[in-house]
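Here is the file final.cif (mmCIF, C-alpha atoms).
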```
data_protein
loop_
_atom_site.group_PDB
_atom_site.id
_atom_site.type_symbol
_atom_site.label_atom_id
_atom_site.label_comp_id
_atom_site.auth_asym_id
_atom_site.auth_seq_id
_atom_site.Cartn_x
_atom_site.Cartn_y
_atom_site.Cartn_z
ATOM 1 C CA MET R 7 122.807 104.672 88.484
ATOM 2 C CA PRO R 8 122.160 101.706 90.794
ATOM 3 C CA ARG R 9 118.583 100.843 91.555
ATOM 4 C CA HIS R 10 117.493 101.955 95.023
ATOM 5 C CA ILE R 11 115.067 99.845 97.062
ATOM 6 C CA LEU R 12 113.295 101.223 100.117
ATOM 7 C CA HIS R 13 112.278 98.321 102.341
ATOM 8 C CA VAL R 14 109.539 99.721 104.564
ATOM 9 C CA GLY R 15 108.329 96.425 105.947
ATOM 10 C CA PHE R 16 106.313 96.210 109.150
ATOM 11 C CA PRO R 17 107.764 94.990 112.476
ATOM 12 C CA LYS R 18 107.759 91.236 113.078
ATOM 13 C CA CYS R 19 107.527 90.547 109.343
ATOM 14 C CA GLY R 20 110.949 89.041 108.717
ATOM 15 C CA SER R 21 112.816 92.356 108.461
ATOM 16 C CA THR R 22 115.924 91.173 110.314
ATOM 17 C CA ALA R 23 116.250 88.042 108.186
ATOM 18 C CA LEU R 24 115.809 90.092 105.013
ATOM 19 C CA GLN R 25 118.378 92.647 106.132
ATOM 20 C CA PHE R 26 121.008 89.941 106.604
ATOM 21 C CA TRP R 27 120.062 88.575 103.184
ATOM 22 C CA PHE R 28 120.487 92.038 101.637
ATOM 23 C CA GLU R 29 123.892 92.353 103.288
ATOM 24 C CA ALA R 30 125.073 88.961 102.014
ATOM 25 C CA HIS R 31 123.862 89.390 98.425
ATOM 26 C CA PRO R 32 126.798 90.104 96.086
ATOM 27 C CA ASP R 33 124.771 92.466 93.876
ATOM 28 C CA ILE R 34 123.333 94.548 96.727
ATOM 29 C CA VAL R 35 124.883 97.281 98.864
ATOM 30 C CA PHE R 36 123.279 97.426 102.289
ATOM 31 C CA ALA R 37 124.233 98.579 105.789
ATOM 32 C CA HIS R 38 122.092 98.069 108.886
ATOM 33 C CA ASN R 39 120.388 101.248 110.133
ATOM 34 C CA ARG R 40 121.956 103.375 107.391
ATOM 35 C CA LEU R 41 120.568 105.266 104.411
ATOM 36 C CA THR R 42 121.486 104.266 100.834
ATOM 37 C CA GLY R 43 123.472 101.210 101.835
ATOM 38 C CA TYR R 44 126.650 102.789 103.218
ATOM 39 C CA ARG R 45 127.752 103.005 106.856
ATOM 40 C CA SER R 46 129.211 106.494 106.496
ATOM 41 C CA THR R 47 130.592 108.969 103.987
ATOM 42 C CA VAL R 48 133.995 107.353 104.462
ATOM 43 C CA ASP R 49 132.505 103.924 103.777
ATOM 44 C CA PHE R 50 130.919 105.300 100.603
ATOM 45 C CA ALA R 51 134.195 106.821 99.403
ATOM 46 C CA ARG R 52 136.237 103.693 100.060
ATOM 47 C CA LYS R 53 133.795 101.223 98.547
ATOM 48 C CA THR R 54 133.255 103.401 95.498
ATOM 49 C CA ALA R 55 136.984 103.897 94.979
ATOM 50 C CA LEU R 56 137.728 100.168 95.194
ATOM 51 C CA ALA R 57 134.749 98.893 93.228
ATOM 52 C CA GLU R 58 135.380 97.839 89.641
ATOM 53 C CA SER R 59 131.758 98.653 88.796
ATOM 54 C CA GLU R 60 128.878 100.305 90.583
ATOM 55 C CA PRO R 61 126.426 98.078 92.473
ATOM 56 C CA GLU R 62 123.266 96.919 90.768
ATOM 57 C CA VAL R 63 121.056 97.637 93.775
ATOM 58 C CA VAL R 64 121.310 99.751 96.935
ATOM 59 C CA VAL R 65 118.900 99.004 99.786
ATOM 60 C CA THR R 66 117.645 101.169 102.635
ATOM 61 C CA SER R 67 115.636 99.159 105.156
ATOM 62 C CA CYS R 68 113.795 100.447 108.235
ATOM 63 C CA GLU R 69 110.634 99.398 110.057
ATOM 64 C CA ASP R 70 110.289 102.903 111.499
ATOM 65 C CA PHE R 71 109.291 104.210 108.085
ATOM 66 C CA VAL R 72 105.798 102.793 108.670
ATOM 67 C CA ILE R 73 105.668 103.158 112.474
ATOM 68 C CA PRO R 74 107.934 106.168 113.149
ATOM 69 C CA LEU R 75 107.152 106.397 116.880
ATOM 70 C CA SER R 76 106.819 102.827 118.100
ATOM 71 C CA ASP R 77 106.036 103.951 121.648
ATOM 72 C CA PHE R 78 102.592 105.179 120.501
ATOM 73 C CA ARG R 79 102.840 108.654 121.989
ATOM 74 C CA PRO R 80 99.438 109.998 123.023
ATOM 75 C CA GLY R 81 98.137 112.797 120.838
ATOM 76 C CA VAL R 82 100.383 111.997 117.865
ATOM 77 C CA GLU R 83 98.583 110.401 114.931
ATOM 78 C CA ILE R 84 100.508 107.556 113.330
ATOM 79 C CA ALA R 85 99.018 108.289 109.916
ATOM 80 C CA VAL R 86 100.390 111.860 110.014
ATOM 81 C CA GLN R 87 103.871 110.707 111.085
ATOM 82 C CA ARG R 88 103.875 108.030 108.406
ATOM 83 C CA GLU R 89 102.911 110.378 105.591
ATOM 84 C CA ARG R 90 105.613 112.873 106.563
ATOM 85 C CA VAL R 91 108.240 110.129 106.372
ATOM 86 C CA CYS R 92 106.922 108.821 103.060
ATOM 87 C CA LEU R 93 106.885 112.253 101.426
ATOM 88 C CA ARG R 94 110.396 112.997 102.650
ATOM 89 C CA LEU R 95 111.642 109.682 101.255
ATOM 90 C CA ARG R 96 110.074 110.600 97.924
ATOM 91 C CA GLU R 97 111.936 113.926 97.949
ATOM 92 C CA LEU R 98 115.238 112.213 98.738
ATOM 93 C CA TYR R 99 114.819 109.197 96.458
ATOM 94 C CA PRO R 100 112.289 110.028 93.729
ATOM 95 C CA ASP R 101 113.239 107.028 91.573
ATOM 96 C CA ALA R 102 113.332 104.416 94.326
ATOM 97 C CA ASP R 103 111.377 101.175 94.340
ATOM 98 C CA VAL R 104 109.506 100.202 97.494
ATOM 99 C CA LEU R 105 109.214 96.794 99.178
ATOM 100 C CA ILE R 106 106.473 96.303 101.783
ATOM 101 C CA VAL R 107 106.176 93.020 103.690
ATOM 102 C CA THR R 108 103.097 92.252 105.807
ATOM 103 C CA ARG R 109 102.070 89.456 108.160
ATOM 104 C CA GLY R 110 98.729 88.023 109.272
ATOM 105 C CA TYR R 111 97.350 89.777 112.315
ATOM 106 C CA HIS R 112 97.323 86.913 114.802
ATOM 107 C CA GLY R 113 100.943 86.089 113.998
ATOM 108 C CA VAL R 114 102.163 89.671 114.076
ATOM 109 C CA LEU R 115 100.442 90.501 117.368
ATOM 110 C CA THR R 116 101.640 87.313 119.052
ATOM 111 C CA SER R 117 105.199 87.903 117.869
ATOM 112 C CA THR R 118 105.057 91.563 118.913
ATOM 113 C CA TYR R 119 104.045 90.565 122.427
ATOM 114 C CA ALA R 120 106.833 87.976 122.666
ATOM 115 C CA TYR R 121 109.347 90.645 121.626
ATOM 116 C CA TYR R 122 107.914 93.032 124.236
ATOM 117 C CA VAL R 123 108.320 90.370 126.933
ATOM 118 C CA ARG R 124 111.930 89.666 125.907
ATOM 119 C CA LYS R 125 112.669 93.388 126.273
ATOM 120 C CA GLY R 126 111.487 93.398 129.898
ATOM 121 C CA GLY R 127 107.829 94.343 129.420
ATOM 122 C CA THR R 128 105.626 94.004 132.474
ATOM 123 C CA LEU R 129 102.136 93.937 130.965
ATOM 124 C CA GLY R 130 100.087 90.893 130.068
ATOM 125 C CA ARG R 131 99.121 90.449 126.430
ATOM 126 C CA SER R 132 95.547 91.604 126.917
ATOM 127 C CA GLU R 133 96.735 94.670 128.872
ATOM 128 C CA LEU R 134 99.251 95.625 126.193
ATOM 129 C CA LEU R 135 96.610 95.538 123.486
ATOM 130 C CA ARG R 136 94.215 97.721 125.505
ATOM 131 C CA LEU R 137 96.204 100.879 124.918
ATOM 132 C CA SER R 138 93.172 103.037 125.673
ATOM 133 C CA GLU R 139 93.651 102.123 129.337
ATOM 134 C CA LEU R 140 97.203 103.453 129.146
ATOM 135 C CA GLY R 141 96.199 106.876 127.841
ATOM 136 C CA HIS R 142 96.227 106.147 124.129
ATOM 137 C CA SER R 143 93.661 106.183 121.369
ATOM 138 C CA ASP R 144 91.686 102.983 120.857
ATOM 139 C CA ASP R 145 92.948 102.966 117.269
ATOM 140 C CA ASP R 146 96.695 103.272 117.902
ATOM 141 C CA VAL R 147 97.583 99.603 117.431
ATOM 142 C CA GLU R 148 95.221 99.155 114.508
ATOM 143 C CA ASP R 149 96.590 102.295 112.856
ATOM 144 C CA ALA R 150 100.125 100.993 113.316
ATOM 145 C CA PHE R 151 99.300 97.835 111.366
ATOM 146 C CA ASP R 152 96.903 99.356 108.844
ATOM 147 C CA TYR R 153 98.190 97.501 105.805
ATOM 148 C CA ASP R 154 95.734 99.012 103.335
ATOM 149 C CA ALA R 155 96.584 102.552 104.433
ATOM 150 C CA VAL R 156 100.348 102.027 104.109
ATOM 151 C CA VAL R 157 100.161 100.349 100.708
ATOM 152 C CA SER R 158 97.782 103.039 99.448
ATOM 153 C CA LEU R 159 100.084 105.811 100.722
ATOM 154 C CA TYR R 160 103.244 104.467 99.074
ATOM 155 C CA GLU R 161 101.484 103.635 95.830
ATOM 156 C CA ARG R 162 100.055 107.156 95.710
ATOM 157 C CA VAL R 163 103.391 108.827 96.439
ATOM 158 C CA PHE R 164 105.793 106.577 94.488
ATOM 159 C CA GLY R 165 103.392 105.108 91.934
ATOM 160 C CA PRO R 166 101.891 101.587 92.032
ATOM 161 C CA GLU R 167 104.390 100.314 89.471
ATOM 162 C CA ARG R 168 107.218 101.016 91.927
ATOM 163 C CA VAL R 169 105.699 99.299 94.957
ATOM 164 C CA LEU R 170 106.038 95.556 95.587
ATOM 165 C CA VAL R 171 103.862 94.132 98.386
ATOM 166 C CA MET R 172 104.643 90.635 99.634
ATOM 167 C CA PRO R 173 103.295 88.353 102.385
ATOM 168 C CA TYR R 174 105.618 87.265 105.175
ATOM 169 C CA GLU R 175 103.853 83.906 104.971
ATOM 170 C CA LEU R 176 105.561 83.195 101.633
ATOM 171 C CA LEU R 177 108.934 83.917 103.251
ATOM 172 C CA ARG R 178 107.950 81.586 106.091
ATOM 173 C CA ASP R 179 106.693 78.745 103.903
ATOM 174 C CA ASP R 180 108.938 79.007 100.836
ATOM 175 C CA PRO R 181 111.876 81.398 101.344
ATOM 176 C CA GLY R 182 113.436 80.270 98.069
ATOM 177 C CA GLU R 183 110.407 81.392 96.100
ATOM 178 C CA PHE R 184 110.201 84.608 98.088
ATOM 179 C CA VAL R 185 113.737 85.664 97.195
ATOM 180 C CA ARG R 186 113.341 84.442 93.615
ATOM 181 C CA GLN R 187 110.489 86.909 93.185
ATOM 182 C CA LEU R 188 112.531 89.665 94.836
ATOM 183 C CA GLU R 189 115.530 89.044 92.599
ATOM 184 C CA GLU R 190 113.394 88.915 89.497
ATOM 185 C CA ARG R 191 111.445 92.065 90.332
ATOM 186 C CA PHE R 192 114.476 94.153 91.274
ATOM 187 C CA GLY R 193 116.824 92.859 88.612
ATOM 188 C CA VAL R 194 119.556 91.240 90.702
ATOM 189 C CA GLY R 195 121.250 87.921 90.061
ATOM 190 C CA ASN R 196 120.450 84.685 91.838
ATOM 191 C CA SER R 197 122.651 84.648 94.923
ATOM 192 C CA GLY R 198 121.855 81.073 95.888
ATOM 193 C CA ARG R 199 121.099 82.280 99.410
ATOM 194 C CA ILE R 200 117.831 82.305 101.301
ATOM 195 C CA PRO R 201 116.979 84.348 104.422
ATOM 196 C CA GLU R 202 117.507 82.394 107.623
ATOM 197 C CA ARG R 203 115.156 82.580 110.564
ATOM 198 C CA LEU R 204 117.066 84.517 113.203
ATOM 199 C CA ARG R 205 114.597 85.006 116.040
ATOM 200 C CA VAL R 206 114.419 82.206 118.604
ATOM 201 C CA SER R 207 110.898 81.316 119.709
ATOM 202 C CA ILE R 208 110.047 82.106 123.299
ATOM 203 C CA SER R 209 108.581 79.257 125.362
ATOM 204 C CA PRO R 210 105.216 79.335 127.149
ATOM 205 C CA ALA R 211 107.059 79.314 130.487
ATOM 206 C CA GLU R 212 109.026 82.404 129.477
ATOM 207 C CA LEU R 213 105.897 84.174 128.231
ATOM 208 C CA THR R 214 104.224 83.474 131.560
ATOM 209 C CA TRP R 215 107.075 84.260 133.933
ATOM 210 C CA TYR R 216 109.131 87.009 132.299
ATOM 211 C CA PRO R 217 106.478 89.728 132.851
ATOM 212 C CA ARG R 218 106.203 88.641 136.494
ATOM 213 C CA LEU R 219 109.974 88.698 136.937
ATOM 214 C CA SER R 220 110.094 92.101 135.242
ATOM 215 C CA ARG R 221 107.464 93.491 137.605
ATOM 216 C CA PHE R 222 109.425 92.114 140.580
ATOM 217 C CA VAL R 223 112.682 93.700 139.361
ATOM 218 C CA HIS R 224 110.998 97.070 138.859
ATOM 219 C CA ARG R 225 109.440 97.004 142.339
ATOM 220 C CA ALA R 226 112.516 95.651 144.116
ATOM 221 C CA SER R 227 114.856 98.167 142.481
ATOM 222 C CA ALA R 228 112.685 101.196 143.297
ATOM 223 C CA PRO R 229 114.511 102.007 146.588
ATOM 224 C CA LEU R 230 117.877 102.074 144.797
ATOM 225 C CA GLY R 231 117.388 105.612 143.527
ATOM 226 C CA ARG R 232 119.884 106.597 140.868
ATOM 227 C CA HIS R 233 121.254 103.035 140.715
ATOM 228 C CA ARG R 234 117.881 101.621 139.705
ATOM 229 C CA ASN R 235 118.356 102.147 135.970
ATOM 230 C CA ARG R 236 121.612 100.211 136.042
ATOM 231 C CA VAL R 237 119.968 97.251 137.765
ATOM 232 C CA VAL R 238 117.049 97.235 135.339
ATOM 233 C CA GLU R 239 119.405 97.439 132.365
ATOM 234 C CA MET R 240 121.473 94.509 133.663
ATOM 235 C CA TYR R 241 118.265 92.522 134.036
ATOM 236 C CA ARG R 242 117.229 93.332 130.467
ATOM 237 C CA VAL R 243 120.608 92.144 129.200
ATOM 238 C CA LEU R 244 120.000 88.812 130.926
ATOM 239 C CA LEU R 245 116.607 88.575 129.213
ATOM 240 C CA LYS R 246 118.070 89.440 125.832
ATOM 241 C CA ARG R 247 120.710 86.746 126.175
ATOM 242 C CA ARG R 248 118.085 84.288 127.456
ATOM 243 C CA LYS R 249 120.007 83.715 130.665
ATOM 244 C CA LEU R 250 116.732 83.487 132.604
ATOM 245 C CA ARG R 251 115.181 80.800 130.441
ATOM 246 C CA ARG R 252 116.030 77.973 132.860
ATOM 247 C CA LEU R 253 114.729 79.997 135.798
ATOM 248 C CA ALA R 254 111.380 80.474 134.036
ATOM 249 C CA GLN R 255 111.209 76.756 133.239
ATOM 250 C CA ALA R 256 112.048 75.852 136.835
ATOM 251 C CA LEU R 257 109.361 78.178 138.174
ATOM 252 C CA ALA R 258 106.856 76.606 135.820
ATOM 253 C CA ARG R 259 107.698 73.152 137.195
ATOM 254 C CA VAL R 260 107.594 73.946 140.916
ATOM 255 C CA THR R 261 104.586 76.290 141.097
ATOM 256 C CA PRO R 262 100.901 75.295 141.081
ATOM 257 C CA PRO R 263 99.194 74.951 137.679
ATOM 258 C CA SER R 264 97.088 78.013 138.464
ATOM 259 C CA MET R 265 100.249 80.124 138.388
ATOM 260 C CA ASN R 266 101.314 78.821 135.008
ATOM 261 C CA LEU R 267 98.370 79.792 132.898
ATOM 262 C CA PRO R 268 99.636 81.174 129.566
ATOM 263 C CA PRO R 269 98.937 84.797 128.652
ATOM 264 C CA PRO R 270 95.386 85.375 127.375
ATOM 265 C CA LYS R 271 94.990 84.571 123.709
ATOM 266 C CA ILE R 272 94.346 87.345 121.237
ATOM 267 C CA SER R 273 90.574 87.463 121.152
ATOM 268 C CA SER R 274 88.391 87.300 118.086
ATOM 269 C CA GLU R 275 87.011 90.693 119.126
ATOM 270 C CA MET R 276 90.497 92.174 118.927
ATOM 271 C CA LEU R 277 91.196 90.575 115.556
ATOM 272 C CA ASP R 278 87.867 91.821 114.208
ATOM 273 C CA ARG R 279 89.166 95.365 114.733
ATOM 274 C CA PHE R 280 92.153 94.655 112.470
ATOM 275 C CA TYR R 281 90.556 92.683 109.657
ATOM 276 C CA PRO R 282 89.011 95.664 107.790
ATOM 277 C CA ARG R 283 92.509 97.148 107.488
ATOM 278 C CA ALA R 284 93.597 94.340 105.161
ATOM 279 C CA ALA R 285 90.450 94.104 103.032
ATOM 280 C CA GLN R 286 92.147 95.517 99.933
ATOM 281 C CA LEU R 287 95.416 93.722 100.587
ATOM 282 C CA VAL R 288 93.907 90.237 100.444
ATOM 283 C CA ALA R 289 92.445 90.951 97.007
ATOM 284 C CA ARG R 290 95.984 90.799 95.567
ATOM 285 C CA PRO R 291 96.889 87.490 93.907
ATOM 286 C CA ALA R 292 99.988 87.000 96.082
ATOM 287 C CA TYR R 293 97.756 86.899 99.171
ATOM 288 C CA ALA R 294 95.199 84.377 97.926
ATOM 289 C CA PRO R 295 96.846 81.390 99.713
ATOM 290 C CA TYR R 296 97.033 83.342 102.980
ATOM 291 C CA ARG R 297 93.707 85.155 103.056
ATOM 292 C CA SER R 298 92.549 83.404 106.233
ATOM 293 C CA GLU R 299 95.610 84.720 108.108
ATOM 294 C CA TYR R 300 94.623 88.338 107.381
ATOM 295 C CA VAL R 301 90.841 88.483 107.409
ATOM 296 C CA ASP R 302 87.799 86.635 108.612
ATOM 297 C CA GLY R 303 85.501 86.241 105.646
ATOM 298 C CA THR R 304 82.500 87.212 107.744
ATOM 299 C CA SER R 305 84.079 90.423 109.020
ATOM 300 C CA ILE R 306 84.576 92.230 105.707
ATOM 301 C CA SER R 307 82.386 92.555 102.675
#
```
Translate the structure of the given file into structure tokens.
Amino acid sequence: MPRHILHVGFPKCGSTALQFWFEAHPDIVFAHNRLTGYRSTVDFARKTALAESEPEVVVTSCEDFVIPLSDFRPGVEIAVQRERVCLRLRELYPDADVLIVTRGYHGVLTSTYAYYVRKGGTLGRSELLRLSELGHSDDDVEDAFDYDAVVSLYERVFGPERVLVMPYELLRDDPGEFVRQLEERFGVGNSGRIPERLRVSISPAELTWYPRLSRFVHRASAPLGRHRNRVVEMYRVLLKRRKLRRLAQALARVTPPSMNLPPPKISSEMLDRFYPRAAQLVARPAYAPYRSEYVDGTSIS
């Protein structure tokens, strides 16, 4: 039987780069957004019939395993959703190994906001992180990125010997070493490949102007009735393809400095709310070089 890996990494923690690496590895069977590595039952039948030997490793990868409802629906506890998914995965794949990848809180929140802006989000960074003002629990965002809770859950359900927890920072700083550890732990050969960074950084001008442009599009398209959704979707396609990058840069050049202030930084008060949720994580040897990216030494005991 091939070894089955469940990659339940958090959003903005290199999941896309890892998924392309899984797909390219000759000893791994993987398909994007599919269970057990195959695109369909037909794909399974054909690949199995043509293969001279069974694969060494099959990978299932999905960020929604740890944040099942990424829209933070009011009244639905993330911890309850998460445990249901974990227990069901254990029923389906009792012998699977689990890979969890985490990222320091400032980096993950900043990257999450940039992704939100690229998708047509209209809120400023500080507004987005104050979910309580939008009808949500104060703890929704912190619960979503509660590293200690997720690691504890999967180690309890699958067993600590089957759970590998790794810092995104190692993938960022030394991708060769990151994949070497993965290959060694999961018993696959050295592919000679390393994950490539796939997400393009968003500029300060884009961070500043995209939410404003998005608000304008939403207001201006309101009188269009049933055609509004089409207009908004076309606008989001332009954002996704970065067709409005030059417009944002031009606006930044021709408008007064007061209109080009960057989004508010993630405050120390906000980060202090996250730090206790990585207190156990940073005690692991793999996290020693990156402790300062996860916790403030004065905020946890």
Pull the neighbourhood of (117.9, 98.8, 94.0) for me: all residues within 10 Å in file coordinates, counting only C-alpha atoms, as a VMD selection string. chain R and resid 7 to 12 33 to 36 42 to 43 61 to 66 101 to 104 192 to 194
Pull out every residue that the PyMOL selection byres ((chain R and resi 182-191) around 12) matches in the shown coordinates and put them as a PyMOL selection string. chain R and resi 9+11+13+20+23-24+27-28+31-34+62-63+103-107+167-181+192-202+292
Near Ala120 of chain R, counting only C-alpha atoms, which residues have an atom at most 10 Å away, once you skip same-chain residues fewer than 6 positions from it, shown as a compact mmCIF listing (two decimals) with C-alpha atoms, keeping the file's coordinate frame?
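Contents of part35.txt, freshly written:
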```
# COMPACT_ATOMS: atom_id res chain seq x y z
CA VAL R 114 102.16 89.67 114.08
CA GLY R 127 107.83 94.34 129.42
CA ARG R 131 99.12 90.45 126.43
CA SER R 207 110.90 81.32 119.71
CA ILE R 208 110.05 82.11 123.30
CA SER R 209 108.58 79.26 125.36
CA PRO R 210 105.22 79.33 127.15
CA GLU R 212 109.03 82.40 129.48
CA LEU R 213 105.90 84.17 128.23
CA TYR R 216 109.13 87.01 132.30
```
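For the structure shown here, the set of residues caught by the PyMOL selection byres ((chain R and resi 219-225) around 7) is R:Gly126, R:Gly127, R:Thr128, R:Trp215, R:Tyr216, R:Pro217, R:Arg218, R:Ala226, R:Ser227, R:Ala228, R:Val238.
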One decimal, in Å: what's the spacing between atom CA of Glu148 of chain R and atom CA of Ala284 of chain R? 10.6 Å
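Atom CA of Glu275 of chain R lies 15.0 Å from atom CA of Thr116 of chain R.
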So the first atom is atom CA of Gly15 of chain R and the second is atom CA of Thr108 of chain R; what is the distance between them in Å, to one decimal place? 6.7 Å
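Closest approach to Gly130 of chain R among R:Leu159, R:Leu267, R:Met276, R:Leu287 is made by R:Leu267 (distances from all atoms listed in the file).
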Which residues match the PyMOL selection byres ((chain R and resi 301) around 12) in the file above, as number ranges by chain? R: 109-112, 153, 274, 277-289, 293-294, 296-300, 302-307
List the spatial neighbours of Phe71 of chain R as a PyMOL selection string - criterion: any atom at most 9 Å away, all atoms listed in the file, same-chain residues fewer than 6 positions off excluded. chain R and resi 13-16+87-88+91-92
Counting only C-alpha atoms, which residue out of R:Ala256, R:Cys68, R:Val163, R:Ala57 sits closest to Arg40 of chain R?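 Checking each candidate against Arg40 of chain R, we get R:Cys68 as the closest.
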Go through R:Met265, R:Cys19, R:Val237, R:Ala258 one by one, measure the shortest atom-to-atom distance of each to Phe151 of chain R using all atoms listed in the file, and give the residue with the smallest value. R:Cys19
Go through R:Tyr160, R:Arg251, R:Ser46, R:Arg203 and flag the residue nearest Phe26 of chain R, using only C-alpha atoms for the distances.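 Going through R:Tyr160, R:Arg251, R:Ser46, R:Arg203 one by one, the smallest distance to Phe26 of chain R is for R:Arg203.
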Which of R:Pro229, R:Leu98, R:Thr214, R:Glu89 sits closest to Arg162 of chain R [using all atoms listed in the file]: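 Of the candidates, the smallest distance to Arg162 of chain R is held by R:Glu89.
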Segment 26-36 of chain R: axis-aligned bounding box, 5 Å on each side, centre and edge lengths in Å, one decimal, as JSON:
```
{"center_x": 123.4, "center_y": 93.0, "center_z": 100.2, "size_x": 16.7, "size_y": 18.9, "size_z": 22.7}
```
Give the answer as one residue: which of R:Ala211, R:Arg252, R:Arg290, R:Arg90 has the shortest atom-to-atom distance to Asn266 of chain R, using only C-alpha atoms?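 So, comparing all the options, the nearest one is R:Ala211.
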